[in-house]
Structure formats: C-alpha cells, structure tokens
$ cat target24.txt   # compact mmCIF, C-alpha atoms
# COMPACT_ATOMS: atom_id res chain seq x y z
CA MET A 1 -23.48 -39.60 -19.04
CA VAL A 2 -23.96 -42.64 -21.27
CA LEU A 3 -27.29 -44.40 -20.79
CA THR A 4 -26.53 -48.04 -19.98
CA THR A 5 -28.69 -51.11 -20.30
CA GLU A 6 -28.34 -51.59 -16.54
CA ALA A 7 -29.80 -48.12 -15.93
CA ILE A 8 -32.76 -48.88 -18.18
CA GLU A 9 -33.38 -52.18 -16.42
CA SER A 10 -33.22 -50.49 -13.01
CA ARG A 11 -35.73 -47.81 -14.02
CA PHE A 12 -38.09 -50.44 -15.42
CA ARG A 13 -37.84 -52.39 -12.17
CA GLY A 14 -38.92 -49.23 -10.38
CA VAL A 15 -41.94 -48.93 -12.67
CA GLN A 16 -42.94 -52.48 -11.79
CA ASP A 17 -42.60 -51.81 -8.05
CA ARG A 18 -44.63 -48.60 -8.14
CA ILE A 19 -47.47 -50.15 -10.14
CA CYS A 20 -47.60 -53.22 -7.91
CA ASN A 21 -47.76 -51.04 -4.80
CA PHE A 22 -50.61 -49.05 -6.33
CA LEU A 23 -52.57 -52.17 -7.27
CA ARG A 24 -52.03 -53.73 -3.87
CA GLU A 25 -53.21 -50.57 -2.10
CA ALA A 26 -56.16 -49.96 -4.42
CA SER A 27 -57.43 -53.55 -4.28
CA GLY A 28 -56.47 -54.66 -0.79
CA GLN A 29 -55.12 -57.83 -2.42
CA ASP A 30 -51.55 -59.08 -2.40
CA TYR A 31 -49.75 -60.70 -5.32
CA HIS A 32 -47.93 -63.97 -5.87
CA GLU A 33 -44.34 -63.47 -7.02
CA ASP A 34 -42.20 -65.73 -9.21
CA ARG A 35 -38.55 -65.07 -10.01
CA TRP A 36 -37.38 -66.93 -13.08
CA GLU A 37 -34.36 -67.39 -15.32
CA TYR A 38 -34.27 -67.21 -19.09
CA GLY A 39 -33.72 -70.67 -20.52
CA ARG A 40 -32.19 -69.71 -23.89
CA GLY A 41 -29.61 -67.25 -22.63
CA THR A 42 -28.97 -65.23 -19.51
CA GLY A 43 -31.07 -63.00 -17.33
CA GLY A 44 -34.66 -63.56 -16.32
CA GLY A 45 -37.48 -61.73 -14.68
CA ILE A 46 -39.97 -61.16 -11.90
CA THR A 47 -43.62 -62.01 -12.42
CA ARG A 48 -46.23 -60.80 -9.95
CA VAL A 49 -49.76 -62.12 -10.33
CA TRP A 50 -53.13 -61.50 -8.70
CA GLU A 51 -55.79 -64.18 -9.05
CA SER A 52 -59.10 -64.72 -7.28
CA ALA A 53 -62.21 -66.72 -8.08
CA PHE A 54 -65.24 -64.67 -9.07
CA ASP A 55 -67.49 -64.14 -6.09
CA THR A 56 -70.22 -61.66 -5.20
CA VAL A 57 -72.20 -60.12 -2.38
CA PRO A 58 -75.81 -58.91 -2.84
CA VAL A 59 -76.51 -55.20 -2.82
CA SER A 60 -79.31 -53.81 -0.68
CA CYS A 61 -81.88 -51.69 -2.48
CA VAL A 62 -82.96 -48.24 -1.37
CA GLY A 63 -85.26 -48.61 1.61
CA GLY A 64 -83.98 -52.04 2.59
CA GLY A 65 -84.14 -55.55 1.17
CA GLU A 66 -82.13 -57.02 -1.68
CA THR A 67 -82.15 -56.49 -5.43
CA ASP A 68 -80.68 -58.60 -8.23
CA LEU A 69 -77.71 -56.22 -8.14
CA LEU A 70 -74.38 -57.57 -6.96
CA GLN A 71 -70.99 -56.36 -5.88
CA SER A 72 -67.76 -58.20 -6.56
CA ALA A 73 -66.03 -59.72 -3.56
CA ALA A 74 -62.58 -58.74 -4.80
CA VAL A 75 -61.29 -55.95 -7.04
CA LEU A 76 -58.84 -57.96 -9.15
CA GLU A 77 -59.90 -61.27 -10.69
CA LYS A 78 -56.72 -61.83 -12.70
CA GLY A 79 -53.77 -59.60 -13.33
CA GLY A 80 -50.04 -59.59 -13.70
CA VAL A 81 -47.12 -57.17 -13.71
CA ASN A 82 -44.08 -58.71 -15.32
CA PHE A 83 -40.51 -57.42 -15.47
CA SER A 84 -37.92 -59.11 -17.65
CA ALA A 85 -34.33 -58.51 -18.69
CA ILE A 86 -32.91 -61.17 -20.99
CA HIS A 87 -29.85 -61.67 -23.19
CA GLY A 88 -30.02 -64.13 -26.07
CA ASP A 89 -28.16 -65.35 -29.16
CA SER A 90 -30.77 -64.64 -31.85
CA LEU A 91 -33.54 -62.04 -31.88
CA ALA A 92 -37.03 -63.36 -32.60
CA PRO A 93 -38.66 -61.93 -35.79
CA ALA A 94 -41.65 -60.49 -33.89
CA ALA A 95 -39.41 -58.06 -32.02
CA ALA A 96 -38.21 -56.03 -34.99
CA THR A 97 -40.75 -55.62 -37.76
CA LYS A 98 -39.17 -52.37 -38.98
CA PHE A 99 -35.51 -53.37 -39.03
CA SER A 100 -33.78 -56.14 -40.94
CA ILE A 101 -32.01 -57.96 -38.13
CA PRO A 102 -30.05 -60.98 -39.44
CA GLU A 103 -30.83 -64.28 -37.82
CA GLY A 104 -28.25 -65.12 -35.19
CA THR A 105 -27.79 -61.53 -34.01
CA PRO A 106 -27.29 -61.42 -30.21
CA PHE A 107 -29.82 -59.26 -28.40
CA VAL A 108 -30.78 -57.63 -25.13
CA ALA A 109 -34.45 -57.12 -24.24
CA THR A 110 -35.92 -55.60 -21.10
CA GLY A 111 -39.35 -54.33 -20.27
CA VAL A 112 -42.46 -54.30 -18.12
CA SER A 113 -45.76 -55.81 -19.26
CA ILE A 114 -49.09 -55.53 -17.48
CA VAL A 115 -52.62 -56.79 -17.95
CA ILE A 116 -55.31 -56.31 -15.29
CA HIS A 117 -58.75 -57.98 -15.46
CA PRO A 118 -61.00 -56.66 -12.65
CA GLN A 119 -63.93 -58.69 -11.38
CA ASN A 120 -66.51 -55.94 -11.78
CA PRO A 121 -67.80 -55.55 -15.37
CA ASN A 122 -67.82 -51.78 -14.84
CA ALA A 123 -64.08 -51.62 -14.17
CA PRO A 124 -62.18 -51.73 -17.49
CA THR A 125 -59.37 -54.10 -18.32
CA ILE A 126 -56.03 -52.38 -18.91
CA HIS A 127 -52.85 -53.36 -20.73
CA MET A 128 -49.45 -51.68 -20.69
CA ASN A 129 -46.04 -52.58 -22.07
CA ILE A 130 -42.78 -50.64 -22.08
CA ARG A 131 -39.67 -52.18 -23.59
CA TYR A 132 -36.12 -51.69 -24.84
CA PHE A 133 -34.17 -53.76 -27.36
CA GLU A 134 -30.57 -53.94 -28.51
CA ALA A 135 -29.54 -56.15 -31.44
CA GLY A 136 -26.13 -55.67 -32.97
CA GLU A 137 -25.73 -51.95 -33.59
CA LYS A 138 -29.48 -51.31 -33.46
CA TRP A 139 -31.39 -50.14 -30.41
CA TRP A 140 -34.97 -48.98 -29.95
CA PHE A 141 -37.72 -48.39 -27.42
CA GLY A 142 -41.38 -49.26 -27.67
CA GLY A 143 -44.49 -49.37 -25.58
CA GLY A 144 -48.12 -48.70 -25.26
CA ILE A 145 -51.04 -48.50 -22.88
CA ASP A 146 -54.69 -49.09 -23.75
CA LEU A 147 -58.02 -49.38 -21.96
CA THR A 148 -60.74 -51.98 -22.61
CA PRO A 149 -64.08 -51.17 -20.97
CA ASN A 150 -67.27 -53.22 -21.14
CA TYR A 151 -69.82 -50.53 -20.36
CA PRO A 152 -70.21 -46.81 -21.12
CA CYS A 153 -67.68 -44.82 -19.12
CA GLU A 154 -66.94 -41.57 -20.92
CA ALA A 155 -65.38 -39.98 -17.85
CA PHE A 156 -62.90 -42.86 -17.40
CA CYS A 157 -61.94 -42.81 -21.07
CA ALA A 158 -61.50 -39.03 -21.16
CA HIS A 159 -59.32 -39.00 -18.07
CA PHE A 160 -57.22 -41.90 -19.34
CA HIS A 161 -56.48 -40.23 -22.68
CA ARG A 162 -55.86 -36.82 -21.17
CA VAL A 163 -53.16 -38.20 -18.91
CA LEU A 164 -51.47 -39.88 -21.88
CA LYS A 165 -51.78 -36.73 -23.99
CA ARG A 166 -50.08 -34.70 -21.27
CA VAL A 167 -47.19 -37.18 -21.05
CA CYS A 168 -46.71 -37.07 -24.83
CA GLU A 169 -46.70 -33.28 -24.84
CA GLU A 170 -44.20 -33.11 -21.96
CA TYR A 171 -41.70 -35.11 -24.02
CA GLY A 172 -42.39 -33.57 -27.40
CA GLU A 173 -44.17 -36.63 -28.74
CA ASP A 174 -47.13 -36.43 -31.12
CA PHE A 175 -50.10 -37.75 -29.15
CA ALA A 176 -52.38 -37.83 -32.19
CA THR A 177 -49.94 -40.05 -34.11
CA HIS A 178 -49.38 -42.45 -31.19
CA LYS A 179 -53.13 -42.62 -30.53
CA ALA A 180 -53.88 -43.41 -34.19
CA THR A 181 -51.19 -46.10 -34.15
CA CYS A 182 -52.78 -47.56 -31.03
CA ASP A 183 -56.28 -47.54 -32.52
CA ASP A 184 -54.96 -49.36 -35.58
CA TYR A 185 -52.80 -51.85 -33.70
CA PHE A 186 -55.48 -52.88 -31.20
CA THR A 187 -58.06 -53.65 -33.87
CA ILE A 188 -59.31 -57.22 -34.07
CA ASN A 189 -59.22 -57.49 -37.84
CA HIS A 190 -61.21 -60.71 -38.15
CA ARG A 191 -63.99 -59.11 -36.07
CA ASN A 192 -63.66 -55.68 -37.67
CA GLU A 193 -63.77 -53.98 -34.28
CA MET A 194 -61.38 -52.31 -31.89
CA ARG A 195 -60.44 -54.22 -28.75
CA GLY A 196 -61.26 -51.23 -26.55
CA VAL A 197 -60.94 -47.45 -26.56
CA GLY A 198 -57.23 -47.40 -27.32
CA GLY A 199 -54.60 -45.18 -25.76
CA VAL A 200 -51.10 -44.71 -27.18
CA PHE A 201 -48.74 -47.12 -28.90
CA VAL A 202 -45.23 -46.53 -30.20
CA ASP A 203 -42.55 -48.89 -31.48
CA HIS A 204 -39.05 -48.71 -32.97
CA LEU A 205 -38.47 -45.35 -31.27
CA CYS A 206 -34.80 -44.55 -31.85
CA THR A 207 -34.31 -40.82 -32.38
CA ASN A 208 -32.58 -39.80 -29.14
CA LYS A 209 -31.74 -42.54 -26.69
CA GLU A 210 -31.94 -40.53 -23.48
CA ARG A 211 -35.07 -38.64 -24.53
CA ASN A 212 -36.79 -41.76 -25.88
CA PHE A 213 -36.00 -43.57 -22.64
CA GLU A 214 -37.45 -40.83 -20.47
CA PHE A 215 -40.64 -40.77 -22.53
CA ILE A 216 -41.19 -44.52 -22.38
CA ALA A 217 -40.42 -44.60 -18.66
CA ALA A 218 -42.84 -41.70 -18.12
CA LEU A 219 -45.58 -43.70 -19.84
CA GLY A 220 -44.95 -46.45 -17.30
CA ASP A 221 -45.03 -43.97 -14.44
CA ALA A 222 -48.37 -42.58 -15.69
CA PHE A 223 -50.13 -45.94 -15.35
CA CYS A 224 -51.42 -45.37 -11.83
CA GLU A 225 -52.78 -41.88 -12.49
CA ALA A 226 -54.39 -42.91 -15.76
CA TYR A 227 -56.06 -46.06 -14.40
CA GLU A 228 -56.98 -45.06 -10.85
CA PRO A 229 -60.50 -43.66 -11.50
CA ALA A 230 -61.50 -46.51 -13.82
CA LEU A 231 -60.36 -49.17 -11.38
CA CYS A 232 -61.33 -47.66 -8.05
CA ARG A 233 -64.66 -46.14 -9.08
CA GLY A 234 -65.60 -48.93 -11.47
CA ALA A 235 -64.91 -51.65 -8.91
CA VAL A 236 -67.66 -50.47 -6.55
CA ILE A 237 -70.50 -50.01 -9.08
CA PRO A 238 -73.25 -52.63 -8.57
CA PHE A 239 -73.87 -55.00 -11.49
CA THR A 240 -76.07 -57.89 -12.60
CA LEU A 241 -75.46 -61.45 -13.72
CA SER A 242 -76.26 -60.47 -17.30
CA GLN A 243 -73.59 -57.78 -17.14
CA ARG A 244 -71.13 -60.38 -15.88
CA GLU A 245 -71.97 -62.57 -18.88
CA PHE A 246 -71.38 -59.65 -21.24
CA GLN A 247 -68.03 -59.07 -19.57
CA LEU A 248 -67.06 -62.71 -20.12
CA TRP A 249 -68.10 -62.49 -23.77
CA ARG A 250 -66.07 -59.29 -24.20
CA ARG A 251 -63.08 -61.06 -22.68
CA SER A 252 -63.21 -63.63 -25.45
CA ARG A 253 -62.36 -60.83 -27.86
CA TYR A 254 -59.41 -59.92 -25.68
CA VAL A 255 -58.14 -63.49 -25.80
CA GLU A 256 -58.52 -63.62 -29.58
CA PHE A 257 -56.41 -60.50 -30.04
CA ASN A 258 -53.67 -61.65 -27.68
CA LEU A 259 -53.30 -65.04 -29.29
CA VAL A 260 -53.65 -63.96 -32.92
CA TYR A 261 -52.12 -60.48 -33.23
CA ASP A 262 -50.19 -59.37 -30.15
CA ARG A 263 -46.49 -58.92 -30.97
CA GLY A 264 -45.46 -59.24 -27.33
CA THR A 265 -47.07 -62.67 -27.11
CA LYS A 266 -45.43 -63.70 -30.39
CA PHE A 267 -42.02 -62.47 -29.25
CA GLY A 268 -42.31 -64.35 -25.97
CA LEU A 269 -43.22 -67.60 -27.71
CA GLN A 270 -40.63 -67.21 -30.49
CA SER A 271 -37.84 -66.35 -28.07
CA GLY A 272 -38.54 -69.26 -25.73
CA GLY A 273 -39.70 -67.06 -22.86
CA ARG A 274 -41.31 -68.29 -19.67
CA ILE A 275 -44.73 -69.51 -20.77
CA GLU A 276 -46.55 -68.70 -17.52
CA SER A 277 -45.33 -65.11 -17.66
CA ILE A 278 -46.31 -64.79 -21.31
CA MET A 279 -49.81 -66.14 -20.71
CA MET A 280 -50.46 -64.14 -17.55
CA SER A 281 -52.38 -61.73 -19.80
CA MET A 282 -55.18 -64.26 -20.22
CA PRO A 283 -58.30 -63.69 -18.09
CA ARG A 284 -59.24 -66.27 -15.49
CA GLU A 285 -62.59 -66.76 -17.21
CA ALA A 286 -63.94 -65.88 -20.65
CA MET A 287 -66.94 -67.05 -22.68
CA TRP A 288 -67.61 -67.61 -26.37
CA LEU A 289 -71.22 -67.61 -27.55
CA TYR A 290 -72.08 -68.80 -31.02
CA ASP A 291 -73.18 -65.97 -33.32
CA TYR A 292 -73.99 -63.70 -30.40
CA ALA A 293 -74.61 -59.97 -30.69
CA PRO A 294 -76.07 -57.63 -28.05
CA PRO A 295 -79.77 -56.94 -28.69
CA ALA A 296 -80.53 -53.74 -30.58
CA GLY A 297 -81.50 -50.95 -28.22
CA SER A 298 -79.58 -52.40 -25.27
CA VAL A 299 -76.84 -50.58 -23.39
CA GLU A 300 -74.42 -53.24 -24.59
CA HIS A 301 -75.37 -52.71 -28.25
CA SER A 302 -74.97 -48.95 -27.92
CA PHE A 303 -71.58 -49.45 -26.25
CA MET A 304 -70.34 -51.66 -29.08
CA GLN A 305 -71.47 -49.12 -31.68
CA THR A 306 -70.13 -45.97 -30.05
CA PHE A 307 -67.08 -46.93 -27.99
CA LEU A 308 -65.23 -49.45 -30.15
CA GLN A 309 -64.18 -47.01 -32.84
CA PRO A 310 -61.63 -44.18 -32.95
CA ARG A 311 -62.76 -41.16 -30.93
CA ASP A 312 -61.18 -37.99 -29.65
CA TRP A 313 -61.44 -38.95 -26.00
CA ALA A 314 -58.87 -36.43 -24.78
CA GLY A 315 -60.86 -33.60 -26.37
CA ALA A 316 -64.30 -34.90 -25.44
CA PRO A 317 -66.55 -32.42 -23.58
CA VAL A 318 -66.69 -34.69 -20.56
CA ASP A 319 -65.81 -33.88 -16.97
CA ALA A 320 -63.52 -36.64 -15.68
CA SER A 321 -65.43 -36.61 -12.39
CA ALA A 322 -68.85 -37.04 -14.07
CA PRO A 323 -70.83 -40.19 -13.18
CA VAL A 324 -70.49 -43.18 -15.51
CA TYR A 325 -73.13 -45.77 -16.40
CA GLY A 326 -74.58 -47.35 -13.26
CA GLU A 327 -72.62 -45.21 -10.83
CA ASP A 328 -75.37 -42.88 -9.65
CA THR A 329 -78.61 -44.81 -10.28
CA ALA A 330 -77.80 -48.53 -10.39
CA VAL A 331 -78.99 -49.34 -6.86
CA GLU A 332 -82.42 -47.82 -7.58
CA GLN A 333 -82.92 -49.58 -10.92
CA LYS A 334 -84.26 -53.07 -11.52
CA ALA A 335 -81.64 -54.86 -13.60
CA SER A 336 -82.20 -57.41 -16.34
CA PRO A 337 -82.10 -61.10 -15.42
CA CYS A 338 -79.37 -63.47 -16.55
CA CYS A 339 -79.56 -64.02 -20.30
CA GLY A 340 -79.85 -67.78 -19.82
CA ARG A 341 -77.31 -68.67 -22.50
CA CYS A 342 -74.78 -70.06 -20.03
CA PRO A 343 -75.20 -71.96 -16.74
CA CYS A 344 -73.48 -69.22 -14.69
CA PRO A 345 -71.82 -71.81 -12.40
CA HIS A 346 -69.77 -69.18 -10.59
CA MET A 347 -72.60 -66.91 -9.53
CA LYS A 348 -73.02 -67.35 -5.80
CA THR A 349 -73.27 -65.05 -2.85
CA ALA A 350 -70.42 -64.61 -0.45
CA GLY A 351 -70.48 -64.11 3.28
CA THR A 352 -68.83 -61.83 5.77
CA HIS A 353 -65.37 -62.33 4.27
CA ALA A 354 -66.48 -61.04 0.87
CA LEU A 355 -68.21 -58.02 2.42
CA ALA A 356 -65.07 -57.23 4.40
CA ALA A 357 -63.05 -57.40 1.19
CA LEU A 358 -65.45 -54.96 -0.48
CA VAL A 359 -65.26 -52.53 2.45
CA GLY A 360 -61.48 -52.84 2.44
CA ALA A 361 -61.31 -52.07 -1.28
CA THR A 362 -63.51 -48.99 -0.80
CA ILE A 363 -61.31 -47.73 2.04
CA ALA A 364 -58.23 -48.36 -0.09
CA TRP A 365 -59.74 -46.23 -2.87
CA ILE A 366 -60.30 -43.38 -0.39
CA LEU A 367 -56.68 -43.64 0.75
CA VAL A 368 -55.40 -43.60 -2.83
CA ARG A 369 -57.44 -40.47 -3.57
CA ARG A 370 -56.24 -38.81 -0.38
CA ASN A 371 -52.58 -39.51 -1.17
CA ALA A 372 -52.82 -38.53 -4.86
$ encode --input "target24.txt" --output "structure tokens"
Amino acid sequence: MVLTTEAIESRFRGVQDRICNFLREASGQDYHEDRWEYGRGTGGGITRVWESAFDTVPVSCVGGGETDLLQSAAVLEKGGVNFSAIHGDSLAPAAATKFSIPEGTPFVATGVSIVIHPQNPNAPTIHMNIRYFEAGEKWWFGGGIDLTPNYPCEAFCAHFHRVLKRVCEEYGEDFATHKATCDDYFTINHRNEMRGVGGVFVDHLCTNKERNFEFIAALGDAFCEAYEPALCRGAVIPFTLSQREFQLWRRSRYVEFNLVYDRGTKFGLQSGGRIESIMMSMPREAMWLYDYAPPAGSVEHSFMQTFLQPRDWAGAPVDASAPVYGEDTAVEQKASPCCGRCPCPHMKTAGTHALAALVGATIAWILVRRNA
C-alpha cells in the first residue's frame, strides 16, 4: 500500500490527541484550542495551549508549621501541542538545509510540535517535534525530542534516554548518532552550553518512506512514557523562591535558543505561519540577569557543570525510580532565601483552590501510573 500524505497527517493528528489527553490527565488542567487556516496556501492546523499564572501554596514542615518551601498551584505554567498540515507555493529555506530546493517549488508540510514549561522548577521543560515534507520530487521526515531540567535529576534523564534508545533500536536507527546530533543541535553556541540534557534529533530522513514514517511516529508516541516521571514526580517536589528565580533565569537560555537557532521557528516565520502557534514555545515568564552565574559550590553551579554537557544517560548506572534532588529530603531541609536580585512580584500564597489543584494533580499522577 502506498503511504499517502493524508495517512501521515492522520497519524500525526493521533499523536497530538494522545499527548494532549496525557497532559490533561497528568495535570488536571484543560487546554485552549484554536483551529486556524494557512494564509499563504491551503490547509491549517490545530493549536492547543495550556497557560496559568504562577502561584504557590506553602508546604508544612515535619512536625507542623510552615517552612519557606512552596508547592506550585498548577502543574503546567505554559505549554502547547500544535498540529499543522499546510500546502504552499514555495518552500522556506529553513526547511531543507540538506537539499537544494529551487525557490518557487510547491511543498507540503505536516507535523506536531510541542513545548511544555511546568511551574515547578524541579519538573523539566520538554520539547518535541515530528514532521514530514514534500517539495517537488523530494520527501523527507524529521523530528526530535529533548529534555531541559533545572535541577539534578539523574533518574529522570536516564529514563528519558532509555525510552528513546529503545524506540531507535526497535526501528533499526542508530541511537548514538541521533543523540550526538541532538547534543550538537541543541547547543547555545553564543553561551557555549547545551540547552538541556538532549535526547534524539534526526532530519532529512529519506531512506525508506514507510519505515522512516513508522520511526518518526513512534518517537511521537513515546512522548508520554518518556516524560511521565519527570513531569508527574517533579511537579510535586517542594521548592523555594530562589529555585524559582533560577528556573526563570534558565528559561532565558531557552528563549535565546528558540529565537536565534531553532529551525522550526525560522521555518514558521519564513513560511508565513500562524505567529501565535509559532511562538507558543515561549515560556510565560523568563528572567535575564546581567552577568549572572550560580555561586561556586551551589547545587545550581554543580548542575550547570555536570548536566549541560554530553553524557551517556541511557547507560548511566542510575535506577529510574531512584529519588532525585529534593524529592526525599526537601521538606526537612531549610532552603535558601530569595536571592534578592529581582522583586519576585509573582510570589504569593494561594488558598483552597490552589491546594485543591495540587491534590488533583497528585491524584492524576497516581491514575497515570496505575493505567501505564
């Protein structure tokens, strides 16, 4: 049977639906949906976005009373899952860096793109993109998925990479090559640091259409399994205001990469895509501090030195169920105060509604684990 563009689009729509259902169940939050049409050709897309203002509830210390530890009032602060299927008259240069596609060549492009920014600094940000292009007689698949934590979380990173390694092996793909490509691609060159802990990245995949399609679709299907521990466990770890500030500073790096280097962002802008869908990857809040670096000896400094460089996470001697930083001792520790370098205007305590949201998110995590 010949693999049609319509079949690819339908499978990608299914990936979007499954991921959205997972995020809705895991967070207890619903999304806003926009259906849009492509202005420079035909087709369009479906954009689903989660957005909530940062809010917290205090955490009780062991034995009663309150500490300076907080819990986020919602799991997802900003996130989006976008599906698009467009037909245009001229392919944008950012789409095909390997092929020489003449200007004015009609094209078809379809894919799913995802970025999730949790509220809790201990829950990593995640990005995923799977895509298919046709331009003239050329066709190719591409995609990638990468994790961007803010605090030490070896177990999350090991699990994430092991899932991706298994998918690559199931489809005869070289995990080591795709991981190295990912580490290289998601490097912020002007900062000389990786954006996160990487994952896998592949582009211009055009060896066997059916096989390439199944592999890329399988990457999309693996999103929920790969991300579930990082999101659901990370979202309930208590944190401090200073950790929130570090998260906001780390997000500034994310923004810099997306606006300067990301090919998906460039393609969207060059092809006249829907701007709100393109920019859904931006966090709701981020912070730039002049000439800032985490103090030597701090957890943050150690994280920057040891996590943001290529590592064999899949082969790391780490149990995926092992506790991560703050998970087993945070409530008993006295955390550092706010660093004082920003006014922290959003740090306020929430009431019963926020606590109910936290309880709901915890119950949702239990249900996800039970149904896995």
$ residues_around --input "target24.txt" --residues "Ser252 in chain A" --least-positions-apart "3" --cutoff "8 Å" --atoms "only C-alpha atoms" --output "compact mmCIF listing (two decimals) with C-alpha atoms, keeping the file's coordinate frame"
# COMPACT_ATOMS: atom_id res chain seq x y z
CA LEU A 248 -67.06 -62.71 -20.12
CA TRP A 249 -68.10 -62.49 -23.77
CA VAL A 255 -58.14 -63.49 -25.80
CA GLU A 256 -58.52 -63.62 -29.58
CA ALA A 286 -63.94 -65.88 -20.65
CA MET A 287 -66.94 -67.05 -22.68
CA TRP A 288 -67.61 -67.61 -26.37
$ closest_residue --input "target24.txt" --among "A:Ala320, A:Val57, A:Ile188, A:Leu241" --to "Val260 in chain A" --atoms "all atoms listed in the file"
A:Ile188
$ residues_around --input "target24.txt" --residues "Lys179 in chain A" --least-positions-apart "2" --cutoff "8 Å" --atoms "only C-alpha atoms" --output "PyMOL selection string"
chain A and resi 175-177+181-183+198-201
$ atom_distance --input "target24.txt" --atom1 "CA of Gly88 in chain A" --atom2 "CA of Phe141 in chain A"
17.6 Å
$ residues_around --input "target24.txt" --residues "range 52-55 of chain A" --least-positions-apart "5" --cutoff "6 Å" --atoms "only C-alpha atoms" --output "JSON, numbers by chain"
{"A": [72, 73, 77]}
$ write_last_selection --input "target24.txt" --atoms "C-alpha atoms" --output "PDB file, in the coordinates of the input"
ATOM      1  CA  SER A  72     -67.760 -58.200  -6.560  1.00  0.00           C
ATOM      2  CA  ALA A  73     -66.030 -59.720  -3.560  1.00  0.00           C
ATOM      3  CA  GLU A  77     -59.900 -61.270 -10.690  1.00  0.00           C
TER       4      GLU A  77
END
$ atom_distance --input "target24.txt" --atom1 "CA of Lys165 in chain A" --atom2 "CA of Ala218 in chain A"
11.8 Å
$ closest_residue --input "target24.txt" --among "A:Ser281, A:Asp203, A:Thr110, A:Tyr261" --to "Val81 in chain A" --atoms "only C-alpha atoms"
A:Ser281
$ residues_around --input "target24.txt" --residues "Glu214 in chain A" --least-positions-apart "4" --cutoff "12 Å" --atoms "only C-alpha atoms" --output "list of chain:residue names"
A:Leu3, A:Ala7, A:Ile8, A:Arg11, A:Phe12, A:Ile130, A:Arg131, A:Tyr132, A:Phe141, A:Gly142, A:Val167, A:Cys168, A:Glu170, A:Tyr171, A:Gly172, A:Glu173, A:Leu205, A:Asn208, A:Lys209, A:Glu210, A:Ala218, A:Leu219, A:Gly220, A:Asp221
$ residues_around --input "target24.txt" --residues "Gly41 in chain A" --least-positions-apart "3" --cutoff "8 Å" --atoms "all atoms listed in the file" --output "PDB file with C-alpha atoms, in the coordinates of the input"
ATOM      1  CA  TYR A  38     -34.270 -67.210 -19.090  1.00  0.00           C
ATOM      2  CA  ILE A  86     -32.910 -61.170 -20.990  1.00  0.00           C
ATOM      3  CA  HIS A  87     -29.850 -61.670 -23.190  1.00  0.00           C
ATOM      4  CA  GLY A  88     -30.020 -64.130 -26.070  1.00  0.00           C
ATOM      5  CA  ASP A  89     -28.160 -65.350 -29.160  1.00  0.00           C
TER       6      ASP A  89
END
$ atom_distance --input "target24.txt" --atom1 "CA of Thr187 in chain A" --atom2 "CA of Pro323 in chain A"
27.8 Å
$ closest_residue --input "target24.txt" --among "A:Gln29, A:Thr56, A:Asn258, A:Ser302" --to "Lys78 in chain A" --atoms "all atoms listed in the file"
A:Gln29
$ closest_residue --input "target24.txt" --among "A:Gly326, A:Ile145, A:Gln247, A:Trp313" --to "Pro294 in chain A" --atoms "all atoms listed in the file"
A:Gln247
$ residues_near_point --input "target24.txt" --point "(-66.0, -48.1, -28.5)" --cutoff "9 Å" --atoms "only C-alpha atoms" --output "ChimeraX atom specification"
/A:148-149,152,193-198,303-311
$ closest_residue --input "target24.txt" --among "A:Ala85, A:Val318, A:Leu289, A:Met1" --to "Arg35 in chain A" --atoms "all atoms listed in the file"
A:Ala85
$ closest_residue --input "target24.txt" --among "A:Asp184, A:His32, A:Gln16, A:Cys157" --to "Met128 in chain A" --atoms "only C-alpha atoms"
A:Gln16
$ residues_near_point --input "target24.txt" --point "(-40.5, -59.9, -5.3)" --cutoff "10 Å" --atoms "only C-alpha atoms" --output "mmCIF file with C-alpha atoms, in the frame of the given file"
data_model
loop_
_atom_site.group_PDB
_atom_site.id
_atom_site.type_symbol
_atom_site.label_atom_id
_atom_site.label_comp_id
_atom_site.auth_asym_id
_atom_site.auth_seq_id
_atom_site.Cartn_x
_atom_site.Cartn_y
_atom_site.Cartn_z
ATOM 1 C CA ASP A 17 -42.600 -51.810 -8.050
ATOM 2 C CA TYR A 31 -49.750 -60.700 -5.320
ATOM 3 C CA HIS A 32 -47.930 -63.970 -5.870
ATOM 4 C CA GLU A 33 -44.340 -63.470 -7.020
ATOM 5 C CA ASP A 34 -42.200 -65.730 -9.210
ATOM 6 C CA ARG A 35 -38.550 -65.070 -10.010
ATOM 7 C CA ILE A 46 -39.970 -61.160 -11.900
ATOM 8 C CA THR A 47 -43.620 -62.010 -12.420
ATOM 9 C CA ARG A 48 -46.230 -60.800 -9.950
#
